[in-house]
Amino acid sequence: MKRTRNTLRRRQAGFTLLEAVVSSVILVSMLVAIYGALSSSWSSYGTQSTYAKMQMDARRALERVAEELRMAGRVPNPAPGQPDYPYTFVNGSALGTFNQPARHPAPVQHVEPGTPAFGDCREIAFLIPEDLDGDGLLTSAATGDIEWSDYDLSYVPVTGPDGNNRLERWEDDRPTDVLATYVERVTFDTIDTDPSIHFNEIVVTIYMARPTPEKGVWLQTQLSTTVKMRNTDGLYRDAPSAI
C-alpha cells in the first residue's frame, strides 16, 4: 500500500526526464514532417504559378506580334539586289541594307543544349502600310499603290540589364516597347526558310525560360501561331506562288 502511494505521488509530480525526451522527439518529428509537406506544397505552387505566368506573358506577346504582322506584306526592297521584305536573319546578324537598323548582339543562352528553348533566334524585319502623303489613306494618291512605312520594323530578342532575355519591338535601330521578359528565343519562319509555308504566311514561335524558386532549375514553355499577311505589294499580287 505504501509503494502504491509513492508511485501515485511520482506520477502526480510530472513527467520523468525520459518521458519528456521521448515526447520532445515525437513533437519535433511531427513538426519536421509538417514543415516538409508545407514546403513541398509551397514549392509546387511556386512552380505552377511561374509556369502559368510564362504562358500568359508569351500569349500576350504573341498576340501583339501577330496583330502587327497581319498588316505586313511582301514588299520589294528599293535597293537593287537586296532581299525583299519580310526579311529574316539569325542571331542579330542582319546583312545588306538591313545591317545598320537590325544588327545587334545575340542574346545570352540560359538553358541547357538540347532543350526546346535552346538554339538560334530567327528574327524578322518588315514594313507595314502607313499614310505617308497625309491624305488619310494608306494608298498613294498618285499611283493608288500601298504606301509602306519608311522605317524597318523588327522584333528583337536581347539580354536586358538584369541578365534575363526579353523581346523588344524596334523601329529601325531604336527599341520602342518591351513585349515580354524571360523570352529565351524567338523564331520567324517564312517561305524563304521553310518551303512548306504559304507565300503570304509567317510562323511565329516564342520560347520562354524562367528560373523557378529552386536555384538552377529553369521552366520552359513555347507558343506558336501562323500569321497571314493581309497586304501585298502590287508587284507580287499576281505572282503564281502568291495564289
# chains A, B, ... in the order shown; residues from 1 in each chain; ligands from 1
>>> select_by_dssp(residues="range 58-222 of chain A", states="strand (DSSP E)", output="ChimeraX atom specification")
/A:87-90,122-126,153-159,165-171,174-181,183-189,201-211,218-222
>>> residues_around(residues="Leu153 in chain A", least_positions_apart="2", cutoff="10 Å", atoms="only C-alpha atoms", output="MDAnalysis selection string")
chainID A and resid 68:69 72 86 101:102 124:128 149:151 155:156 169:175
>>> residues_around(residues="Val183 in chain A", least_positions_apart="3", cutoff="9 Å", atoms="only C-alpha atoms", output="VMD selection string")
chain A and resid 54 58 117 157 to 158 164 to 167 180 186 206 to 210
>>> select_by_dssp(residues="range 73-175 of chain A", states="alpha helix (DSSP H)", output="JSON, numbers by chain")
{"A": [99, 100, 101, 102]}
>>> residues_around(residues="Ala52 in chain A", least_positions_apart="5", cutoff="12 Å", atoms="only C-alpha atoms", output="PyMOL selection string")
chain A and resi 45-47+57-59+208+210+212+219-222
>>> atom_distance(atom1="CA of Val217 in chain A", atom2="CA of Pro116 in chain A")
14.8 Å
>>> closest_residue(among="A:Glu63, A:Leu137, A:Gly163, A:Gly73", to="Gln109 in chain A", atoms="only C-alpha atoms")
A:Gly163
>>> atom_distance(atom1="CA of Val178 in chain A", atom2="CA of Pro161 in chain A")
12.8 Å
>>> atom_distance(atom1="CA of Arg122 in chain A", atom2="CA of Glu67 in chain A")
18.9 Å
